[in-house]
file target.cif (mmCIF, C-alpha atoms)
data_data
#
loop_
_atom_site.label_atom_id
_atom_site.label_comp_id
_atom_site.auth_asym_id
_atom_site.auth_seq_id
_atom_site.Cartn_x
_atom_site.Cartn_y
_atom_site.Cartn_z
CA SER A 384 55.96 -104.20 246.95
CA TYR A 385 53.06 -102.18 245.58
CA GLY A 386 49.71 -102.80 243.95
CA GLY A 387 48.32 -100.94 240.94
CA ASP A 388 50.57 -99.64 238.17
CA ILE A 389 54.12 -98.33 238.48
CA LEU A 390 54.73 -95.36 236.17
CA PHE A 391 57.93 -93.43 235.43
CA PHE A 392 58.15 -89.72 234.68
CA PRO A 393 61.15 -87.43 234.11
CA ALA A 394 62.13 -85.22 237.04
CA ASP A 395 64.46 -82.26 237.47
CA GLU A 396 68.24 -82.67 237.25
CA GLY A 397 68.01 -85.81 235.14
CA GLY A 398 66.15 -87.92 237.70
CA ILE A 399 62.85 -89.75 237.46
CA TYR A 400 59.62 -89.92 239.44
CA LEU A 401 58.42 -93.41 240.29
CA VAL A 402 54.64 -93.14 240.67
CA ASN A 403 52.37 -95.84 242.06
CA GLN A 404 48.97 -95.34 240.40
CA LEU A 405 46.03 -97.16 241.94
CA PRO A 406 42.38 -96.68 243.01
CA MET A 407 41.62 -94.76 246.20
CA GLU A 408 40.49 -97.75 248.25
CA GLU A 409 43.59 -99.75 247.31
CA TYR A 410 45.78 -96.77 248.17
CA LEU A 411 44.22 -96.62 251.63
CA LEU A 412 45.15 -100.27 252.27
CA GLY A 413 48.78 -99.14 252.38
CA VAL A 414 48.13 -95.89 254.26
CA VAL A 415 45.84 -96.65 257.19
CA PRO A 416 48.01 -99.33 258.88
CA ALA A 417 51.09 -97.12 258.37
CA GLU A 418 49.38 -94.12 260.00
CA ILE A 419 47.69 -95.93 262.90
CA TYR A 420 49.53 -99.18 263.46
CA THR A 421 47.57 -101.62 265.59
CA THR A 422 46.22 -105.15 265.28
CA GLU A 423 44.04 -105.07 268.40
CA GLU A 424 40.36 -105.58 267.67
CA TYR A 425 39.27 -103.24 270.48
CA TYR A 426 40.84 -100.38 268.50
CA ALA A 427 38.73 -101.17 265.40
CA GLU A 428 36.55 -98.04 265.65
CA ALA A 429 39.62 -95.79 265.83
CA VAL A 430 40.99 -97.48 262.71
CA LYS A 431 37.69 -96.81 260.92
CA ALA A 432 37.93 -93.14 261.95
CA GLN A 433 41.49 -93.08 260.62
CA ALA A 434 40.37 -94.62 257.32
CA ILE A 435 37.79 -91.85 256.85
CA CYS A 436 40.32 -89.14 257.70
CA ALA A 437 42.90 -90.60 255.29
CA ARG A 438 40.31 -90.91 252.51
CA THR A 439 39.13 -87.33 253.02
CA TYR A 440 42.70 -86.02 253.07
CA ALA A 441 43.65 -87.90 249.89
CA LEU A 442 40.52 -86.73 248.05
CA LEU A 443 41.36 -83.11 248.80
CA ARG A 444 44.97 -83.55 247.65
CA MET A 445 43.98 -84.84 244.21
CA GLY A 446 45.06 -82.32 241.61
CA SER A 447 46.82 -80.20 244.25
CA LYS A 448 50.27 -80.44 242.67
CA PRO A 449 50.14 -78.82 239.22
CA GLY A 450 53.22 -79.66 237.24
CA LEU A 451 53.88 -82.90 239.14
CA PRO A 452 52.73 -86.33 237.89
CA PHE A 453 51.23 -87.43 241.24
CA ASP A 454 48.69 -86.30 243.84
CA VAL A 455 50.25 -87.25 247.18
CA TYR A 456 53.70 -87.91 248.55
CA SER A 457 54.21 -91.31 250.19
CA SER A 458 55.75 -89.76 253.32
CA VAL A 459 54.69 -87.45 256.15
CA GLN A 460 54.69 -84.63 253.61
CA ASP A 461 51.18 -85.97 252.95
CA GLN A 462 50.36 -89.41 254.34
CA VAL A 463 52.66 -92.37 254.89
CA TYR A 464 52.04 -95.04 252.24
CA ALA A 465 53.75 -98.38 252.78
CA GLY A 466 52.27 -100.49 249.97
CA LEU A 467 51.18 -104.12 250.12
CA GLU A 468 53.64 -105.09 252.85
CA ARG A 469 51.74 -103.14 255.51
CA HIS A 470 48.27 -104.52 254.75
CA ARG A 471 46.57 -105.76 257.94
CA PRO A 472 43.21 -107.54 258.38
CA LEU A 473 42.01 -104.95 260.91
CA SER A 474 42.69 -101.94 258.68
CA ASP A 475 41.53 -103.80 255.55
CA ALA A 476 38.17 -104.39 257.24
CA ALA A 477 37.95 -100.77 258.45
CA ILE A 478 38.51 -99.47 254.92
CA ARG A 479 36.01 -101.91 253.46
CA GLU A 480 33.31 -101.07 256.04
CA THR A 481 33.68 -97.32 255.49
CA ARG A 482 34.09 -97.49 251.71
CA GLY A 483 33.62 -94.08 250.08
CA VAL A 484 32.81 -92.29 253.35
CA ILE A 485 34.39 -88.87 253.90
CA LEU A 486 34.06 -85.97 256.33
CA THR A 487 32.31 -82.84 255.08
CA TYR A 488 31.71 -79.35 256.41
CA GLN A 489 28.95 -77.15 255.01
CA GLY A 490 28.45 -79.62 252.17
CA ARG A 491 32.08 -79.84 251.04
CA PRO A 492 34.94 -82.25 251.82
CA ALA A 493 36.49 -81.05 255.07
CA PRO A 494 40.26 -80.53 255.29
CA VAL A 495 41.36 -82.62 258.27
CA TYR A 496 44.56 -83.11 260.21
CA TYR A 497 45.51 -85.78 262.72
CA HIS A 498 48.47 -86.68 264.90
CA SER A 499 49.72 -89.36 267.29
CA THR A 500 49.37 -87.89 270.80
CA CYS A 501 47.97 -84.52 271.88
CA GLY A 502 49.23 -84.71 275.48
CA GLY A 503 45.75 -83.82 276.75
CA LYS A 504 45.43 -80.55 274.81
CA LEU A 505 44.26 -80.18 271.21
CA GLU A 506 45.64 -77.28 269.19
CA ARG A 507 43.70 -74.79 267.07
CA SER A 508 44.43 -75.48 263.40
CA VAL A 509 45.48 -71.93 262.45
CA ASN A 510 48.23 -71.94 265.08
CA VAL A 511 50.06 -74.69 263.16
CA PHE A 512 48.76 -74.22 259.62
CA PRO A 513 48.38 -70.44 259.10
CA ASP A 514 46.01 -70.76 256.13
CA SER A 515 43.78 -73.31 257.86
CA ASP A 516 41.57 -71.58 260.42
CA TYR A 517 38.85 -74.25 260.55
CA VAL A 518 36.25 -73.84 263.28
CA TYR A 519 35.86 -77.63 263.58
CA MET A 520 39.47 -78.00 264.75
CA PRO A 521 39.61 -75.70 267.81
CA ALA A 522 41.88 -75.72 270.85
CA SER A 523 40.35 -77.84 273.61
CA THR A 524 41.05 -80.32 276.39
CA ASP A 525 40.99 -83.94 275.25
CA ALA A 526 39.67 -86.05 278.11
CA VAL A 527 37.36 -88.98 278.73
CA LYS A 528 35.71 -88.86 282.13
CA ASP A 529 38.41 -87.73 284.57
CA TYR A 530 41.60 -88.58 282.63
CA PHE A 531 43.31 -87.42 279.46
CA SER A 532 42.32 -89.52 276.45
CA CYS A 533 45.85 -90.28 275.23
CA SER A 534 47.44 -91.01 278.60
CA ALA A 535 48.29 -94.58 277.49
CA SER A 536 50.68 -93.27 274.81
CA SER A 537 54.40 -93.58 275.51
CA LYS A 538 54.69 -89.96 274.34
CA PHE A 539 51.96 -88.62 276.64
CA ARG A 540 54.76 -87.22 278.81
CA TRP A 541 58.45 -87.09 277.91
CA VAL A 542 61.76 -85.55 278.96
CA GLU A 543 64.67 -84.65 276.69
CA ARG A 544 68.03 -83.16 277.66
CA ARG A 545 70.39 -80.87 275.82
CA SER A 546 73.99 -80.16 276.77
CA LEU A 547 75.63 -76.84 275.94
CA ALA A 548 77.61 -78.60 273.20
CA GLN A 549 74.35 -79.90 271.69
CA LEU A 550 72.72 -76.48 271.89
CA ASP A 551 75.75 -74.99 270.15
CA THR A 552 75.43 -77.61 267.41
CA LEU A 553 71.71 -76.88 267.02
CA PHE A 554 72.43 -73.18 266.83
CA PHE A 555 75.07 -73.80 264.15
CA HIS A 556 72.70 -76.08 262.21
CA TYR A 557 69.87 -73.53 262.29
CA PHE A 558 71.71 -70.20 262.05
CA GLY A 559 74.95 -71.25 260.37
CA LYS A 560 77.23 -70.18 263.19
CA GLY A 561 78.26 -71.31 266.63
CA ILE A 562 81.02 -70.78 269.15
CA LEU A 563 82.06 -74.34 269.96
CA ALA A 564 81.66 -75.25 266.28
CA ASP A 565 83.97 -72.40 265.22
CA SER A 566 87.29 -74.00 264.19
CA THR A 567 89.08 -70.66 264.45
CA ARG A 568 88.32 -70.37 268.18
CA PRO A 569 91.10 -71.67 270.51
CA ALA A 570 90.50 -75.21 271.74
CA PHE A 571 91.16 -74.15 275.32
CA THR A 572 88.27 -71.62 275.35
CA ASP A 573 86.65 -71.52 278.78
CA THR A 574 83.03 -72.57 278.12
CA THR A 575 81.88 -71.04 281.40
CA GLU A 576 81.92 -67.70 279.59
CA LEU A 577 79.26 -68.88 277.13
CA ALA A 578 75.70 -67.80 277.85
CA PHE A 579 72.91 -69.52 275.95
CA THR A 580 69.46 -68.09 276.72
CA LEU A 581 66.12 -69.62 275.74
CA ARG A 582 63.00 -67.70 276.76
CA ILE A 583 59.41 -68.70 276.10
CA VAL A 584 57.77 -65.46 274.95
CA ASP A 585 54.19 -66.67 274.55
CA ARG A 586 52.02 -69.74 274.17
CA THR A 587 48.96 -70.69 272.12
CA GLU A 588 45.51 -71.34 273.59
CA SER A 589 46.43 -74.99 274.15
CA GLY A 590 49.59 -74.09 276.07
CA ARG A 591 52.05 -74.95 273.30
CA VAL A 592 55.07 -72.73 272.83
CA ASN A 593 54.23 -70.17 270.17
CA THR A 594 57.29 -67.91 270.29
CA LEU A 595 60.76 -68.74 271.59
CA GLU A 596 63.53 -66.18 272.00
CA VAL A 597 67.05 -67.48 271.42
CA ILE A 598 70.06 -65.44 272.54
CA TYR A 599 73.59 -66.73 271.99
CA ALA A 600 76.80 -64.73 271.62
CA ASP A 601 76.02 -61.84 269.26
CA THR A 602 72.78 -63.30 267.89
CA SER A 603 69.21 -62.84 269.10
CA ALA A 604 66.26 -64.35 267.24
CA LEU A 605 62.57 -65.12 267.67
CA LEU A 606 61.33 -68.53 266.50
CA HIS A 607 57.66 -69.23 265.92
CA GLY A 608 55.43 -72.31 265.77
CA THR A 609 57.03 -75.34 264.14
CA GLU A 610 60.34 -73.47 263.93
CA VAL A 611 60.63 -74.00 267.69
CA ARG A 612 60.27 -77.77 267.36
CA ARG A 613 62.76 -77.86 264.48
CA PHE A 614 65.34 -75.80 266.35
CA LEU A 615 65.26 -77.93 269.53
CA ALA A 616 65.25 -81.32 267.78
CA TRP A 617 68.07 -83.76 268.41
CA PRO A 618 69.64 -84.95 266.22
CA PRO A 619 69.39 -81.83 264.03
CA GLY A 620 67.02 -81.97 261.10
CA GLY A 621 64.02 -83.51 262.85
CA TYR A 622 61.39 -82.19 265.23
CA LEU A 623 60.99 -82.04 268.98
CA PRO A 624 58.16 -84.49 269.87
CA GLY A 625 55.71 -81.65 270.49
CA GLY A 626 55.28 -78.00 271.35
CA LEU A 627 53.64 -78.57 274.74
CA PHE A 628 56.69 -78.23 277.00
CA TYR A 629 58.61 -76.16 279.52
CA PHE A 630 62.28 -75.81 280.41
CA ALA A 631 64.01 -76.97 283.59
CA GLN A 632 67.63 -76.16 284.38
CA THR A 633 69.12 -79.21 286.10
CA SER A 634 72.77 -78.08 286.01
CA ASP A 635 74.99 -75.33 284.63
CA SER A 636 75.56 -77.30 281.45
CA THR A 637 72.35 -79.29 280.95
CA LEU A 638 68.88 -78.11 279.93
CA GLU A 639 65.84 -80.32 280.42
CA ILE A 640 62.83 -80.07 278.12
CA ARG A 641 59.79 -81.56 279.85
CA GLY A 642 56.85 -82.02 277.55
CA GLY A 643 53.77 -83.91 276.50
CA GLY A 644 52.39 -85.15 273.21
CA TYR A 645 53.76 -86.24 269.87
CA GLY A 646 52.95 -84.28 266.73
CA HIS A 647 51.30 -80.95 266.01
CA GLY A 648 48.21 -81.54 268.14
CA VAL A 649 45.64 -80.50 265.51
CA GLY A 650 42.53 -82.55 264.76
CA MET A 651 42.21 -86.21 265.74
CA CYS A 652 44.54 -87.52 268.42
CA GLN A 653 45.11 -91.13 267.35
CA TRP A 654 45.85 -92.40 270.85
CA GLY A 655 42.79 -90.54 272.11
CA ALA A 656 40.70 -92.17 269.37
CA MET A 657 42.07 -95.58 270.33
CA ASN A 658 41.13 -94.95 273.94
CA MET A 659 37.58 -94.01 272.90
CA SER A 660 37.32 -97.14 270.77
CA GLN A 661 38.47 -99.31 273.66
CA ASN A 662 35.77 -97.72 275.81
CA GLY A 663 32.94 -98.57 273.43
CA PHE A 664 32.66 -95.42 271.30
CA LYS A 665 31.92 -95.83 267.58
CA TYR A 666 33.91 -94.22 264.78
CA TYR A 667 31.25 -91.55 264.25
CA HIS A 668 31.44 -90.61 267.94
CA ILE A 669 35.21 -90.27 267.61
CA LEU A 670 35.00 -88.09 264.50
CA SER A 671 32.28 -85.86 265.92
CA LYS A 672 34.44 -85.25 268.98
CA TYR A 673 37.61 -84.35 267.11
CA TYR A 674 35.88 -82.51 264.24
CA PRO A 675 32.74 -81.00 265.81
CA GLY A 676 30.31 -79.67 263.23
CA THR A 677 31.45 -81.96 260.40
CA VAL A 678 29.11 -84.45 258.72
CA LEU A 679 29.84 -87.91 257.31
CA LYS A 680 28.92 -88.48 253.67
CA ARG A 681 29.28 -91.47 251.36
CA ASN A 682 31.04 -89.99 248.35
CA TYR A 683 30.77 -93.12 246.20
#

call {"tool": "encode", "arguments": {"input": "target.cif", "output": "structure tokens"}}
result
Amino acid sequence: SYGGDILFFPADEGGIYLVNQLPMEEYLLGVVPAEIYTTEEYYAEAVKAQAICARTYALLRMGSKPGLPFDVYSSVQDQVYAGLERHRPLSDAAIRETRGVILTYQGRPAPVYYHSTCGGKLERSVNVFPDSDYVYMPASTDAVKDYFSCSASSKFRWVERRSLAQLDTLFFHYFGKGILADSTRPAFTDTTELAFTLRIVDRTESGRVNTLEVIYADTSALLHGTEVRRFLAWPPGGYLPGGLFYFAQTSDSTLEIRGGGYGHGVGMCQWGAMNMSQNGFKYYHILSKYYPGTVLKRNY
């Protein structure tokens, strides 16, 4: 269920757009708890920081889609919006207490990004978003005292495995061809003759994989940035948890991907912010850490 007004507009190919139109602060009531889900009071300052980030992001997206009858998608294409069903007292209070407050840089609303878990290393914005080289979102180590800020996250460290059959499927999904997926190839083909090579060519300042070389059969390709995470995702069509990883060969037919973090790693690490909140930091401390050089401003 949704608040505000529900509007209908014609879309391409005979479809319709269903648009939920409502004031900014009401919109945030369905966004903040969907983006940083917690009901624990000791995370309240992190939720306030999230409310300010979400408000700033939404403000900058207004009018950004000429030709479309809405400003933001309700999914990860922009920010997740879950409507009235996701309202929570903790996030409602955070939105109310920060009403109208946004992040600015050099007097203007500051484009901001955020993610779940950085794995201990924040990424420079331009390495993920090529047109977004913002000095207030640099590559850096994210730690409090002598431990990584987001170490409590279940995605702080992770391991995923890919069999040769899975790699073949991923290759087919991404490049449109594969050996095991080729129905014209004899079923008795000896798979020991197949060589699948993955080589990390270079990394970003944070240590994330920047360029991956893929060699399989008669195809060789270089993948960059988010393409790497898309290519290695299982099932196909998603994303690998993060780009901070390395390979380990555990057998002739199984590849291990050992990594850390969840998301692109740019801007505020939500689990890091929650850790700071639990340790007594206020929302403005959190925001000044993750967006150094920005200034808070009450926009209305």

call {"tool": "residues_near_point", "arguments": {"input": "target.cif", "point": "(45.9, -98.3, 254.5)", "cutoff": "7 Å", "atoms": "only C-alpha atoms", "output": "list in words"}}
result
Tyr410, Leu411, Leu412, Gly413, Val414, Val415, Pro416, Ala417, His470 and Ser474 of chain A

call {"tool": "residues_around", "arguments": {"input": "target.cif", "residues": "Pro393 in chain A", "least_positions_apart": "4", "cutoff": "12 Å", "atoms": "only C-alpha atoms", "output": "CSV table (one decimal) with C-alpha atoms, keeping the file's coordinate frame"}}
result
chain,number,residue,atom,x,y,z
A,397,GLY,CA,68.0,-85.8,235.1
A,398,GLY,CA,66.2,-87.9,237.7
A,399,ILE,CA,62.8,-89.8,237.5
A,400,TYR,CA,59.6,-89.9,239.4
A,401,LEU,CA,58.4,-93.4,240.3
A,402,VAL,CA,54.6,-93.1,240.7
A,450,GLY,CA,53.2,-79.7,237.2
A,451,LEU,CA,53.9,-82.9,239.1
A,452,PRO,CA,52.7,-86.3,237.9

call {"tool": "atom_distance", "arguments": {"input": "target.cif", "atom1": "CA of Arg641 in chain A", "atom2": "CA of Leu670 in chain A"}}
result
29.9 Å

call {"tool": "closest_residue", "arguments": {"input": "target.cif", "among": "A:Cys652, A:Ala427, A:Met520, A:Ile478", "to": "Cys533 in chain A", "atoms": "all atoms listed in the file"}}
result
A:Cys652

call {"tool": "atom_distance", "arguments": {"input": "target.cif", "atom1": "CA of His556 in chain A", "atom2": "CA of Ser499 in chain A"}}
result
27.0 Å

call {"tool": "closest_residue", "arguments": {"input": "target.cif", "among": "A:Ala535, A:Val495, A:Ala476, A:Met407", "to": "Met659 in chain A", "atoms": "all atoms listed in the file"}}
result
A:Ala535

call {"tool": "atom_distance", "arguments": {"input": "target.cif", "atom1": "CA of Ser508 in chain A", "atom2": "CA of Tyr666 in chain A"}}
result
21.5 Å

call {"tool": "resolve_selection", "arguments": {"input": "target.cif", "expression": "the PyMOL selection byres ((chain A and resi 498) around 9)", "output": "list in words"}}
result
Glu418, Tyr496, Tyr497, Ser499, Thr500, Cys501, Tyr645, Gly646, His647, Gly648, Val649, Gly650, Met651, Cys652, Gln653 and Trp654 of chain A

call {"tool": "resolve_selection", "arguments": {"input": "target.cif", "expression": "the PyMOL selection byres ((chain A and resi 523-529) around 9)", "output": "ChimeraX atom specification"}}
result
/A:501-507,520-522,530-533,588-589,652,655,658-659,673

call {"tool": "residues_around", "arguments": {"input": "target.cif", "residues": "Arg438 in chain A", "least_positions_apart": "5", "cutoff": "12 Å", "atoms": "only C-alpha atoms", "output": "JSON, numbers by chain"}}
result
{"A": [406, 407, 408, 409, 410, 411, 412, 413, 414, 415, 431, 432, 433, 443, 444, 445, 455, 461, 462, 477, 478, 479, 481, 482, 483, 484, 485, 486, 487, 492, 493, 494, 495, 496, 679, 680, 681, 682, 683]}

call {"tool": "build_atoms", "arguments": {"input": "target.cif", "residues": "range 470-481 of chain A", "atoms": "all heavy atoms", "output": "PDB file, keeping the file's coordinate frame"}}
result
ATOM      1  N   HIS A 470      49.683-104.155 254.652  1.00  0.00           N
ATOM      2  CA  HIS A 470      48.270-104.520 254.750  1.00  0.00           C
ATOM      3  C   HIS A 470      48.020-105.342 256.017  1.00  0.00           C
ATOM      4  O   HIS A 470      48.809-106.234 256.351  1.00  0.00           O
ATOM      5  CB  HIS A 470      47.828-105.337 253.540  1.00  0.00           C
ATOM      6  CG  HIS A 470      47.674-104.511 252.292  1.00  0.00           C
ATOM      7  ND1 HIS A 470      46.834-104.872 251.270  1.00  0.00           N
ATOM      8  CD2 HIS A 470      48.222-103.330 251.930  1.00  0.00           C
ATOM      9  CE1 HIS A 470      46.902-103.957 250.310  1.00  0.00           C
ATOM     10  NE2 HIS A 470      47.742-103.022 250.690  1.00  0.00           N
ATOM     11  N   ARG A 471      46.940-105.035 256.730  1.00  0.00           N
ATOM     12  CA  ARG A 471      46.570-105.760 257.940  1.00  0.00           C
ATOM     13  C   ARG A 471      45.064-106.049 257.911  1.00  0.00           C
ATOM     14  O   ARG A 471      44.278-105.201 257.459  1.00  0.00           O
ATOM     15  CB  ARG A 471      46.911-104.959 259.197  1.00  0.00           C
ATOM     16  CG  ARG A 471      48.395-104.688 259.406  1.00  0.00           C
ATOM     17  CD  ARG A 471      49.156-105.968 259.745  1.00  0.00           C
ATOM     18  NE  ARG A 471      50.569-105.716 260.034  1.00  0.00           N
ATOM     19  CZ  ARG A 471      51.524-105.656 259.128  1.00  0.00           C
ATOM     20  NH1 ARG A 471      51.232-105.823 257.840  1.00  0.00           N
ATOM     21  NH2 ARG A 471      52.773-105.433 259.478  1.00  0.00           N
ATOM     22  N   PRO A 472      44.644-107.215 258.393  1.00  0.00           N
ATOM     23  CA  PRO A 472      43.210-107.540 258.380  1.00  0.00           C
ATOM     24  C   PRO A 472      42.343-106.485 259.053  1.00  0.00           C
ATOM     25  O   PRO A 472      41.243-106.169 258.569  1.00  0.00           O
ATOM     26  CB  PRO A 472      43.155-108.878 259.129  1.00  0.00           C
ATOM     27  CG  PRO A 472      44.490-109.504 258.877  1.00  0.00           C
ATOM     28  CD  PRO A 472      45.454-108.351 258.884  1.00  0.00           C
ATOM     29  N   LEU A 473      42.816-105.924 260.175  1.00  0.00           N
ATOM     30  CA  LEU A 473      42.010-104.950 260.910  1.00  0.00           C
ATOM     31  C   LEU A 473      41.786-103.688 260.081  1.00  0.00           C
ATOM     32  O   LEU A 473      40.651-103.198 259.975  1.00  0.00           O
ATOM     33  CB  LEU A 473      42.700-104.592 262.228  1.00  0.00           C
ATOM     34  CG  LEU A 473      41.893-103.687 263.177  1.00  0.00           C
ATOM     35  CD1 LEU A 473      40.651-104.403 263.680  1.00  0.00           C
ATOM     36  CD2 LEU A 473      42.762-103.257 264.357  1.00  0.00           C
ATOM     37  N   SER A 474      42.832-103.160 259.479  1.00  0.00           N
ATOM     38  CA  SER A 474      42.690-101.940 258.680  1.00  0.00           C
ATOM     39  C   SER A 474      41.998-102.242 257.348  1.00  0.00           C
ATOM     40  O   SER A 474      41.221-101.414 256.850  1.00  0.00           O
ATOM     41  CB  SER A 474      44.042-101.287 258.438  1.00  0.00           C
ATOM     42  OG  SER A 474      44.970-102.204 257.916  1.00  0.00           O
ATOM     43  N   ASP A 475      42.240-103.424 256.774  1.00  0.00           N
ATOM     44  CA  ASP A 475      41.530-103.800 255.550  1.00  0.00           C
ATOM     45  C   ASP A 475      40.019-103.784 255.780  1.00  0.00           C
ATOM     46  O   ASP A 475      39.245-103.267 254.964  1.00  0.00           O
ATOM     47  CB  ASP A 475      41.954-105.203 255.088  1.00  0.00           C
ATOM     48  CG  ASP A 475      43.362-105.232 254.497  1.00  0.00           C
ATOM     49  OD1 ASP A 475      44.002-104.164 254.425  1.00  0.00           O
ATOM     50  OD2 ASP A 475      43.812-106.325 254.119  1.00  0.00           O
ATOM     51  N   ALA A 476      39.596-104.345 256.921  1.00  0.00           N
ATOM     52  CA  ALA A 476      38.170-104.390 257.240  1.00  0.00           C
ATOM     53  C   ALA A 476      37.618-102.987 257.488  1.00  0.00           C
ATOM     54  O   ALA A 476      36.504-102.654 257.066  1.00  0.00           O
ATOM     55  CB  ALA A 476      37.941-105.266 258.477  1.00  0.00           C
ATOM     56  N   ALA A 477      38.397-102.140 258.162  1.00  0.00           N
ATOM     57  CA  ALA A 477      37.950-100.770 258.450  1.00  0.00           C
ATOM     58  C   ALA A 477      37.738 -99.989 257.157  1.00  0.00           C
ATOM     59  O   ALA A 477      36.754 -99.238 257.018  1.00  0.00           O
ATOM     60  CB  ALA A 477      38.979-100.070 259.328  1.00  0.00           C
ATOM     61  N   ILE A 478      38.628-100.157 256.201  1.00  0.00           N
ATOM     62  CA  ILE A 478      38.510 -99.470 254.920  1.00  0.00           C
ATOM     63  C   ILE A 478      37.307 -99.998 254.145  1.00  0.00           C
ATOM     64  O   ILE A 478      36.522 -99.230 253.569  1.00  0.00           O
ATOM     65  CB  ILE A 478      39.807 -99.668 254.106  1.00  0.00           C
ATOM     66  CG1 ILE A 478      40.962 -98.954 254.815  1.00  0.00           C
ATOM     67  CG2 ILE A 478      39.647 -99.158 252.678  1.00  0.00           C
ATOM     68  CD1 ILE A 478      42.326 -99.396 254.362  1.00  0.00           C
ATOM     69  N   ARG A 479      37.132-101.300 254.171  1.00  0.00           N
ATOM     70  CA  ARG A 479      36.010-101.910 253.460  1.00  0.00           C
ATOM     71  C   ARG A 479      34.670-101.463 254.058  1.00  0.00           C
ATOM     72  O   ARG A 479      33.716-101.135 253.337  1.00  0.00           O
ATOM     73  CB  ARG A 479      36.146-103.435 253.533  1.00  0.00           C
ATOM     74  CG  ARG A 479      35.089-104.201 252.752  1.00  0.00           C
ATOM     75  CD  ARG A 479      35.431-105.682 252.696  1.00  0.00           C
ATOM     76  NE  ARG A 479      35.534-106.285 254.023  1.00  0.00           N
ATOM     77  CZ  ARG A 479      36.694-106.688 254.567  1.00  0.00           C
ATOM     78  NH1 ARG A 479      37.827-106.534 253.918  1.00  0.00           N
ATOM     79  NH2 ARG A 479      36.703-107.243 255.771  1.00  0.00           N
ATOM     80  N   GLU A 480      34.571-101.414 255.378  1.00  0.00           N
ATOM     81  CA  GLU A 480      33.310-101.070 256.040  1.00  0.00           C
ATOM     82  C   GLU A 480      32.960 -99.582 255.938  1.00  0.00           C
ATOM     83  O   GLU A 480      31.809 -99.201 256.138  1.00  0.00           O
ATOM     84  CB  GLU A 480      33.372-101.489 257.505  1.00  0.00           C
ATOM     85  CG  GLU A 480      33.386-103.003 257.691  1.00  0.00           C
ATOM     86  CD  GLU A 480      33.587-103.407 259.139  1.00  0.00           C
ATOM     87  OE1 GLU A 480      33.166-102.643 260.026  1.00  0.00           O
ATOM     88  OE2 GLU A 480      34.187-104.482 259.377  1.00  0.00           O
ATOM     89  N   THR A 481      33.941 -98.758 255.637  1.00  0.00           N
ATOM     90  CA  THR A 481      33.680 -97.320 255.490  1.00  0.00           C
ATOM     91  C   THR A 481      33.857 -96.875 254.042  1.00  0.00           C
ATOM     92  O   THR A 481      34.018 -95.679 253.773  1.00  0.00           O
ATOM     93  CB  THR A 481      34.628 -96.489 256.379  1.00  0.00           C
ATOM     94  OG1 THR A 481      35.987 -96.676 255.939  1.00  0.00           O
ATOM     95  CG2 THR A 481      34.504 -96.888 257.851  1.00  0.00           C
TER      96      THR A 481
END
